[in-house]
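Worksheet for the structure shown next.
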Amino acid sequence: MDNKPLSFRNIVWLLLALALVAAPHAERLPPWVSIFAGVLGLWRLYIAQRRLPLLSKWLLFSMLGAGIAGIYLSYGVILGRDSGVALLVLLTGLKLMETNSQRDAVMVLFLGYFLIITNFLYSQTIITGLYMLLVVLVLTAAWIGCNRPSHDYPDKLKLHLAGTLFIQSVPLMVVLFLLFPRVQGPLWGLPQDAYSGTTGLSDSMSPGSLSQLTQSDAVAFRVKFNDPAPNASTLYWRGPVLWRFNGRTWYGRTYAVSEPPELQALDKPLRYTVTLEPHNRDWLFALDMPGTFPPQAGITPDFQIISNAPVRSRMRYEVASYLKYQTGINENPVALRRALQLPRNSNPRATELAQSWRRSAGDDSAIINRALNLFRKENFYYTMQPPLLGEHPVDEFLFDTKRGFCEHYASSFTFLMRSAGIPARIVTGYQGGDFNAIDDYFIVRQADAHAWVEVWLKQRGWVRIDPTAAVSPLRVEAGIAAAVPATDPLPLLVRHDYPWLREARFIWDAMANNWNQWVLGYTPQRQAQFMTRLGMSEATWQNMAIALLLASGFIMLGLAGMILWRLRTAPRDPVQLAYHKFCGKLAKDGLARHPAEGPQDYSLRLAQAKPLKAETIRSISELYIALRYGTLADKLAVKRLRQLVSGFET
Amino acid sequence: MSAFPWRPSRPLRFGFRNFIDRWLFKLKGPEAGPVLLTQRRVFILPTRQGLLFGALLILLLTGSINYNLSLGYVLTFLLAAMGIISMLHAFRNLAGLLVRSGKTDPVFAGEHASFAVCVDNNRTLPRYAIAVTRNKQDPVFCDVAQSATATAEVNVTAQRRGWLRPGRFTLYTRFPLGLFRAWSYVELDSRCLVYPRPDPSKLPPPKHQSQTGSSFEAGQGNDDFTGLRPHQSSDSPRHIAWKAAARDYGLLTKQFIGQADAELWLDWNDLPAGLDDESRLSRLCRWVLDAESAGISYGLRLPGKELSLAYGEQHRHNCLEALALFRQEDG
């Protein structure tokens with residue numbers, strides 16, 4: 001092994017590769033970590049350029065101690081997900097400071113490869129994947145350069161070799177990806193913060209919580225209908241059902257999974273497949289009302305589908321729903337009492353209003369109509385930027401501000417119903433979705449988050465009422481972008497202003513969807529399905545291992561043949577060939593060239609041995625030396641050499 | 001071989017090693033002429049870095065499983081494939097090279113003999129970072145372009161006079177990734193003549209032997225300067241042309257014409273009786289060098305061999321060779 005110190009150029013490559021590795025982390029790390037790592041990199045560059053001595057171990061250890069302390073102060077833990085990544089970035093930076101030999105450089109490069117994978121904890125999009133390929137290429141080129149640390153191979157050569165290795169690896173990589181027997185993780189407990197930062201609905205709702213969610217154009221889930229897709233205005237994606245109210249916030253999960261509740265279908269079932277983005281919660285979304293639920297989940301009496309485990313990776317499931325249904329005619333009295341619960345002494349004005357309705361109207365449906373009419377006729381506005389509300393939010397919203405988002409309408413409507421003695425509950429979820437015509441599926445984004453109400457009527461059971469639709473029918477019919485004022489801060493890609501942008505977005509999302517289904521969603525189940533479709537009788541890991549060995553064996557054989565084939569190529573250099581021929585002629589005459597004899601010495605010896613041919617021998621030798629070792633590169637000269645050799649006779 | 005984890009007792013190890021050499025590495029002593037590193041002669045094993053890389057892959061795979069990282073699988077498998085394919089590249093980087101010995105200049109005992117190992121690449125494929133080493137010394141690295149030759153000068157300390165054989169050279173390469181080491185053993189039919197170590201003491205040759213009565217000092221004092229020639233390690237530092245050296249001409253030795261009729265016989269038997277053979281040779285060697293640089297005609301008498309009076313580079317070499325090979329079986 002070459003133990004010489006790394007050349008400046010090799011250090012530049014190393015730093016460049018690591019900068020590319022660390023760049024995606026920079027936006028998530030605390031600024032001081034990024035700056036610290038950046039300063040370390042530049043410092044190392046300065047040391048290399050000025051040929052200064054490396055830092056002392058003592059200084060490095062104190063910097064490491066300070067770094068660990070800083071990480072603990074920033075995160076409160078050392079070995080969490082985020083803090084672990086920060087620690088790894090710092091370690092790489094510090095290791096770089098003492099890196100001077102090939103061995104150190106390789107350690108740093110291995111740390112670099114490890115840092116790439118930590119980036120996937122946060123993002124696994126197509127862009128991230130492509131970026132990874134670039135980073136691997138540069139890291140590998142830097143690695144190749146470090147083979148002779150003190151020597152500078154041309155950059156082009158390093159990149160070319162790295163690219164060659166890379167391209168030759170692709171078939172084997174694909175086979176390994178498809179056939180390597182997959183295991184369902186996790187293998188051990190994950191850090192507390194392993195899945196933090198996922199957006200999505202929560203199981204409580206207070207004024208402002210949903211409008212905050214609608215700022216995000218992140219995808220919540222995608223839906224592919226087996227049957228003709230229904231109209232977007234009928235798509236109510238049911239999520240957590242909220243029963244308890246404390247005067248300001250609604251809370252969910254009243255019921256555990258139990259026997260499926262009774263549901264009377266009034267229509268044909270609508271079957272579809274949902275691909276849910278991970279949201280680190282255990283509920284799944286389905287259209288009102290789900291008639292079935294996936295095998296790895298259960299259903300509660302209020303029709304929430306609850307998965308057996310929190311959804312931490314993208315999940316595909318099939319459901320069938322009935323858009324027309326009847327349920328809860330014989331609802332449990334305990335549930336009905338729960339649906340009437342209200343905190344004492346909260347929102348007195350709204351309570352008074354509802355009780356006055358009850359006194360004058362009597363009929364439940366008349367009271368519902370009066371409430372909806374209130375929203376329609378009393379100058380209520382639908383906006384994503386409602387004013388802040390104080391101690392009695394329902395009162396303030398109904399009588400003072402009159403500006404609100406769906407949670408305000410759902411919350412105050414339910415409050416009014418319960419005050420008037422009508423059982424009611426809030427359902428949160430999503431409404432509508434974008435239809436992607438490229439691949440025929442619906443995209444439901446966080447921006448489609450919605451809340452509506454279910455009231456219980458004696459003859460009809462639970463009935464869905466969407467008070468937001470009373471204020472802003474557009475919200476339900478055409479989506480949020482049409483419903484809110486243009487000045488509201490909606491995510492760019494949800495707006496309708498730029499049709500071409502939306503078109504591009506649809507194409508892109510179709511690609512992302514395929515990526516999700518085939519690359520990211522390649523789970524053990526998917527692998528088994530795929531294997532069966534390929535004709536494997538039984539997709540056991542033994543069968544897959546055999547298939548893997550066979551396939552990779554074939555690929556390696558092919559590659560070995562291809563790679564070693566170049567060894568068989570005979571020399572083609574015409575200059576060499578001509579000179580070999582010349583030496584061969586003389587060897588027959590007993591004047592073979594000695595192994596260590598240069599062409600110059602050989603020529604002198606020949607000229608002495610054959611004074612008559614001295615002139616020709618000298619020309620041939622001079623021409624050969626000029627073509628082979630000099631700068632002469634001329635087709636005519638090569639031709640002349642060949643002529644001279646052909647005409648030469650001993 | 002340190003690659004073996006156990007350390008058997010010496011004779012067994014020796015025998016086993018011999019067996020491995022003959023059976024696996026097919027070594028049959030020095031080979032004359034260029035040695036082609038055929039694919040049969042190139043061996044390959046993972047390096048320590050290769051094993052470390054394997055550990056990294058296992059770590060990456062475990063992380064991918066634990067966190068359900070599909071792209072983690074992609075990265076892991078990509079790196080694994082690259083690692084394995086780099087084995088083929090390392091193998092190809094070494095296979096098919098022609099190895100032959102180059103020119104080797106004689107040295108004095110105690111100096112470094114420099115064995116030139118010429119590596120010919122008559123394939124269209126350029127080779128990178130080919131290391132040539134012997135006995136696990138620091139390797140000499142060279143790149144060999146397509147249809148080209150590179151020469152690696154491998155230094156061997158010449159301990160004793162006579163013929164020095166370098167033994168087995170190891171040619172290896174870890175290119176491109178350093179995960180695998182492809183190597184081949186070559187025992188070339190090269191040798192280096194090692195002159196005896198010149199006696200460091202400055203004893204003048206016995207005066208009565210000199211027919212003209214001149215000594216080296218006397219000869220030098222009256223000599224006329226005739227020119228310069230490249231410095232050799234055996235030359236007296238007093239004859240170095242320091243002015244020329246200061247002007248970056250490299251080290252040159254001043255040459256003088258001695259008294260034309262100065263003659264000197266250097267005789268084995270004239271040395272004190274108590275002196276052992278090697279000391280005699282050493283002192284004769286010193287005298288040959290001194291006589292040569294003083295420009296005196298000198299002759300050498302050894303038991304059973306006599307070199308008549310002469311002067312010059314060739315004569316000096318003949319004398320030193322006679323000293324080097326005196327009573328040596330290996331001709």
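Each chain in the structure tokens gets a letter, A, B and so on, in the order shown; residues start at 1 in every chain, and ligands are counted from 1 in the order they appear.
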
Counting only C-alpha atoms, which residues of chain A come no farther than 7 Å from chain B, as an NGL selection string? :A and (117 or 120 or 124 or 129 or 143-144 or 147-148 or 165-166 or 169-170 or 172-173 or 176-177 or 183-187 or 519-520 or 560 or 564 or 567 or 569-571 or 596)

Same residues, N, CA and C atoms, saved as an mmCIF file, in the first residue's frame:
data_model
loop_
_atom_site.group_PDB
_atom_site.id
_atom_site.type_symbol
_atom_site.label_atom_id
_atom_site.label_comp_id
_atom_site.auth_asym_id
_atom_site.auth_seq_id
_atom_site.Cartn_x
_atom_site.Cartn_y
_atom_site.Cartn_z
ATOM 1 N N ILE A 117 -26.837 7.446 2.923
ATOM 2 C CA ILE A 117 -28.021 6.661 3.278
ATOM 3 C C ILE A 117 -28.832 7.373 4.358
ATOM 4 N N PHE A 120 -31.663 9.399 3.139
ATOM 5 C CA PHE A 120 -32.905 8.735 2.729
ATOM 6 C C PHE A 120 -33.906 8.647 3.864
ATOM 7 N N GLN A 124 -36.915 10.318 -0.190
ATOM 8 C CA GLN A 124 -36.586 9.243 -1.132
ATOM 9 C C GLN A 124 -37.242 9.515 -2.477
ATOM 10 N N GLY A 129 -32.928 10.337 -5.546
ATOM 11 C CA GLY A 129 -32.277 9.177 -6.149
ATOM 12 C C GLY A 129 -31.259 9.589 -7.192
ATOM 13 N N TRP A 143 -12.289 8.221 -4.662
ATOM 14 C CA TRP A 143 -11.751 6.978 -4.108
ATOM 15 C C TRP A 143 -10.668 6.408 -5.023
ATOM 16 N N ILE A 144 -10.966 6.374 -6.329
ATOM 17 C CA ILE A 144 -9.994 5.857 -7.288
ATOM 18 C C ILE A 144 -8.712 6.668 -7.209
ATOM 19 N N ASN A 147 -6.047 5.836 -4.558
ATOM 20 C CA ASN A 147 -5.250 4.628 -4.659
ATOM 21 C C ASN A 147 -3.767 4.920 -4.698
ATOM 22 N N ARG A 148 -3.425 6.020 -5.361
ATOM 23 C CA ARG A 148 -2.037 6.464 -5.282
ATOM 24 C C ARG A 148 -2.106 7.862 -4.721
ATOM 25 N N LEU A 165 -17.345 1.634 -13.928
ATOM 26 C CA LEU A 165 -17.701 0.728 -12.832
ATOM 27 C C LEU A 165 -19.195 0.810 -12.538
ATOM 28 N N PHE A 166 -19.661 2.059 -12.512
ATOM 29 C CA PHE A 166 -21.032 2.365 -12.187
ATOM 30 C C PHE A 166 -21.990 1.711 -13.180
ATOM 31 N N SER A 169 -22.161 -1.930 -13.010
ATOM 32 C CA SER A 169 -22.805 -2.435 -11.797
ATOM 33 C C SER A 169 -24.316 -2.479 -11.901
ATOM 34 N N VAL A 170 -24.872 -1.722 -12.859
ATOM 35 C CA VAL A 170 -26.323 -1.567 -12.867
ATOM 36 C C VAL A 170 -27.079 -2.894 -12.984
ATOM 37 N N LEU A 172 -26.323 -5.929 -12.113
ATOM 38 C CA LEU A 172 -26.214 -6.687 -10.867
ATOM 39 C C LEU A 172 -27.046 -6.018 -9.773
ATOM 40 N N MET A 173 -27.003 -4.693 -9.765
ATOM 41 C CA MET A 173 -27.760 -3.956 -8.761
ATOM 42 C C MET A 173 -29.262 -4.227 -8.922
ATOM 43 N N LEU A 176 -30.092 -7.708 -7.723
ATOM 44 C CA LEU A 176 -30.062 -7.760 -6.263
ATOM 45 C C LEU A 176 -31.303 -7.079 -5.685
ATOM 46 N N PHE A 177 -31.663 -5.950 -6.272
ATOM 47 C CA PHE A 177 -32.814 -5.209 -5.754
ATOM 48 C C PHE A 177 -34.088 -6.046 -5.868
ATOM 49 N N VAL A 183 -36.795 -8.369 3.982
ATOM 50 C CA VAL A 183 -37.262 -8.584 5.349
ATOM 51 C C VAL A 183 -38.038 -7.333 5.752
ATOM 52 N N GLN A 184 -39.159 -7.538 6.431
ATOM 53 C CA GLN A 184 -39.923 -6.382 6.870
ATOM 54 C C GLN A 184 -39.277 -5.809 8.123
ATOM 55 N N GLY A 185 -38.868 -4.547 8.054
ATOM 56 C CA GLY A 185 -38.305 -3.885 9.226
ATOM 57 C C GLY A 185 -39.412 -3.429 10.152
ATOM 58 N N PRO A 186 -39.114 -2.814 11.249
ATOM 59 C CA PRO A 186 -37.774 -2.597 11.772
ATOM 60 C C PRO A 186 -37.270 -3.816 12.519
ATOM 61 N N LEU A 187 -35.942 -3.925 12.586
ATOM 62 C CA LEU A 187 -35.334 -5.053 13.287
ATOM 63 C C LEU A 187 -35.239 -4.767 14.774
ATOM 64 N N VAL A 519 -40.397 1.377 -6.919
ATOM 65 C CA VAL A 519 -39.096 1.440 -6.259
ATOM 66 C C VAL A 519 -39.271 1.493 -4.751
ATOM 67 N N LEU A 520 -40.030 2.492 -4.301
ATOM 68 C CA LEU A 520 -40.143 2.672 -2.858
ATOM 69 C C LEU A 520 -41.101 1.666 -2.249
ATOM 70 N N ALA A 560 -17.464 -10.680 -16.751
ATOM 71 C CA ALA A 560 -16.074 -11.126 -16.756
ATOM 72 C C ALA A 560 -15.615 -11.303 -18.190
ATOM 73 N N LEU A 564 -12.649 -8.997 -19.402
ATOM 74 C CA LEU A 564 -11.372 -9.641 -19.710
ATOM 75 C C LEU A 564 -11.130 -9.755 -21.210
ATOM 76 N N LEU A 567 -8.313 -7.918 -22.674
ATOM 77 C CA LEU A 567 -6.957 -8.417 -22.487
ATOM 78 C C LEU A 567 -6.483 -9.197 -23.696
ATOM 79 N N THR A 569 -6.964 -8.544 -26.789
ATOM 80 C CA THR A 569 -6.688 -7.762 -27.978
ATOM 81 C C THR A 569 -5.194 -7.691 -28.220
ATOM 82 N N ALA A 570 -4.794 -7.999 -29.449
ATOM 83 C CA ALA A 570 -3.392 -7.988 -29.795
ATOM 84 C C ALA A 570 -2.927 -6.553 -29.974
ATOM 85 N N PRO A 571 -1.632 -6.327 -29.891
ATOM 86 C CA PRO A 571 -1.145 -4.964 -30.097
ATOM 87 C C PRO A 571 -1.472 -4.499 -31.509
ATOM 88 N N ALA A 596 17.486 -5.854 -22.310
ATOM 89 C CA ALA A 596 17.655 -4.561 -21.670
ATOM 90 C C ALA A 596 18.240 -3.521 -22.611
#

If we count only C-alpha atoms and set the cut-off at 7 Å, which residues sit around Val156 (chain B), ignoring sequence neighbours fewer than 6 positions away in its own chain? Please answer as a PDB file with C-alpha atoms, in the first residue's frame.
ATOM      1  CA  HIS B 112      21.812  -0.434  -2.535  1.00  0.00           C
ATOM      2  CA  ALA B 113      21.696  -2.488  -5.680  1.00  0.00           C
ATOM      3  CA  SER B 114      19.039  -1.143  -7.967  1.00  0.00           C
TER       4      SER B 114
END

Within 10 Å of Val107 (chain B) using only C-alpha atoms, minus same-chain residues under 2 positions, as a PyMOL selection string: chain B and resi 104-105+109-114+157-158+161+164+192-197+232-234

Find the residues near region 82-87 of chain A: any atom within 9 Å, counting only C-alpha atoms, skip ones fewer than 5 places away on the same chain, and give them as a list in words.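 Counting only C-alpha atoms, the residues come to His25, Arg28, Leu29, Pro30, Val33, Ser34, Gly67, Ile68, Ile71, Tyr72, Ser74, Tyr75, Gly76, Val77, Thr92, Leu115, Thr118, Asn119, Asp193 and Ala194 of chain A.
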
Write to file, as an mmCIF file, in the first residue's frame, the residues of the selection just made, with N, CA and C atoms.
data_model
loop_
_atom_site.group_PDB
_atom_site.id
_atom_site.type_symbol
_atom_site.label_atom_id
_atom_site.label_comp_id
_atom_site.auth_asym_id
_atom_site.auth_seq_id
_atom_site.Cartn_x
_atom_site.Cartn_y
_atom_site.Cartn_z
ATOM 1 N N HIS A 25 -28.132 17.636 3.704
ATOM 2 C CA HIS A 25 -28.382 17.661 5.148
ATOM 3 C C HIS A 25 -28.423 19.103 5.667
ATOM 4 N N ARG A 28 -31.491 20.812 7.060
ATOM 5 C CA ARG A 28 -32.125 20.283 8.265
ATOM 6 C C ARG A 28 -31.267 20.464 9.508
ATOM 7 N N LEU A 29 -29.949 20.548 9.295
ATOM 8 C CA LEU A 29 -29.063 20.661 10.451
ATOM 9 C C LEU A 29 -29.188 22.047 11.057
ATOM 10 N N PRO A 30 -28.881 22.165 12.370
ATOM 11 C CA PRO A 30 -28.812 23.512 12.926
ATOM 12 C C PRO A 30 -27.707 24.271 12.201
ATOM 13 N N VAL A 33 -23.968 23.650 12.931
ATOM 14 C CA VAL A 33 -23.320 22.401 12.514
ATOM 15 C C VAL A 33 -22.834 22.527 11.072
ATOM 16 N N SER A 34 -23.714 23.070 10.208
ATOM 17 C CA SER A 34 -23.320 23.232 8.804
ATOM 18 C C SER A 34 -22.105 24.138 8.701
ATOM 19 N N GLY A 67 -18.308 19.698 19.995
ATOM 20 C CA GLY A 67 -19.357 19.345 19.026
ATOM 21 C C GLY A 67 -20.441 18.496 19.666
ATOM 22 N N ILE A 68 -20.023 17.481 20.434
ATOM 23 C CA ILE A 68 -21.015 16.605 21.074
ATOM 24 C C ILE A 68 -21.863 17.417 22.064
ATOM 25 N N ILE A 71 -24.327 19.456 20.162
ATOM 26 C CA ILE A 71 -25.440 18.648 19.636
ATOM 27 C C ILE A 71 -26.424 18.333 20.755
ATOM 28 N N TYR A 72 -25.869 18.037 21.938
ATOM 29 C CA TYR A 72 -26.767 17.743 23.054
ATOM 30 C C TYR A 72 -27.598 18.974 23.391
ATOM 31 N N SER A 74 -28.445 21.350 21.312
ATOM 32 C CA SER A 74 -29.389 21.653 20.231
ATOM 33 C C SER A 74 -30.565 20.691 20.212
ATOM 34 N N TYR A 75 -30.301 19.400 20.480
ATOM 35 C CA TYR A 75 -31.339 18.399 20.268
ATOM 36 C C TYR A 75 -31.888 17.817 21.562
ATOM 37 N N GLY A 76 -31.078 17.887 22.638
ATOM 38 C CA GLY A 76 -31.514 17.253 23.883
ATOM 39 C C GLY A 76 -31.181 15.775 23.940
ATOM 40 N N VAL A 77 -30.748 15.190 22.822
ATOM 41 C CA VAL A 77 -30.296 13.799 22.813
ATOM 42 C C VAL A 77 -29.045 13.734 21.953
ATOM 43 N N THR A 92 -17.329 13.340 10.437
ATOM 44 C CA THR A 92 -16.696 13.305 9.120
ATOM 45 C C THR A 92 -15.788 14.513 8.955
ATOM 46 N N LEU A 115 -23.236 8.556 5.040
ATOM 47 C CA LEU A 115 -24.034 9.791 5.133
ATOM 48 C C LEU A 115 -25.086 9.850 4.032
ATOM 49 N N THR A 118 -28.175 8.129 5.225
ATOM 50 C CA THR A 118 -28.951 8.844 6.251
ATOM 51 C C THR A 118 -29.870 9.883 5.604
ATOM 52 N N ASN A 119 -29.466 10.374 4.455
ATOM 53 C CA ASN A 119 -30.323 11.339 3.761
ATOM 54 C C ASN A 119 -31.663 10.718 3.371
ATOM 55 N N ASP A 193 -37.430 10.074 17.565
ATOM 56 C CA ASP A 193 -37.770 11.068 16.544
ATOM 57 C C ASP A 193 -37.663 10.508 15.135
ATOM 58 N N ALA A 194 -37.641 9.169 15.024
ATOM 59 C CA ALA A 194 -37.381 8.585 13.706
ATOM 60 C C ALA A 194 -38.386 9.032 12.649
#

Give the answer as one residue: which of B:Arg160, B:Arg247, B:Tyr298, B:Ser184 has the shortest atom-to-atom distance to Pro205 (chain B), using only C-alpha atoms?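 Of B:Arg160, B:Arg247, B:Tyr298, B:Ser184, the one nearest Pro205 (chain B) is B:Tyr298, counting only C-alpha atoms.
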
Can you list, as number ranges by chain, every protein, DNA or RNA residue that comes within 9 Å of Gly404 (chain A) when you count only C-alpha atoms, leaving out same-chain residues fewer than 5 positions away? A: 207-208, 380-387, 397, 409

Name the residues of region 35-237 of chain A that come out as strand (DSSP E) in a backbone DSSP run; write them as a count of residues only. 11

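Counting from CA of Leu627 (chain A), the distance to CA of Tyr602 (chain A) is 16.7 Å.
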
Write down as an NGL selection string the residues belonging to region 116-336 of chain A that are assigned helix (DSSP H, G or I) by DSSP computed on the backbone. :A and (116-119 or 126-145 or 155-179 or 209-213 or 232-234 or 333-336)
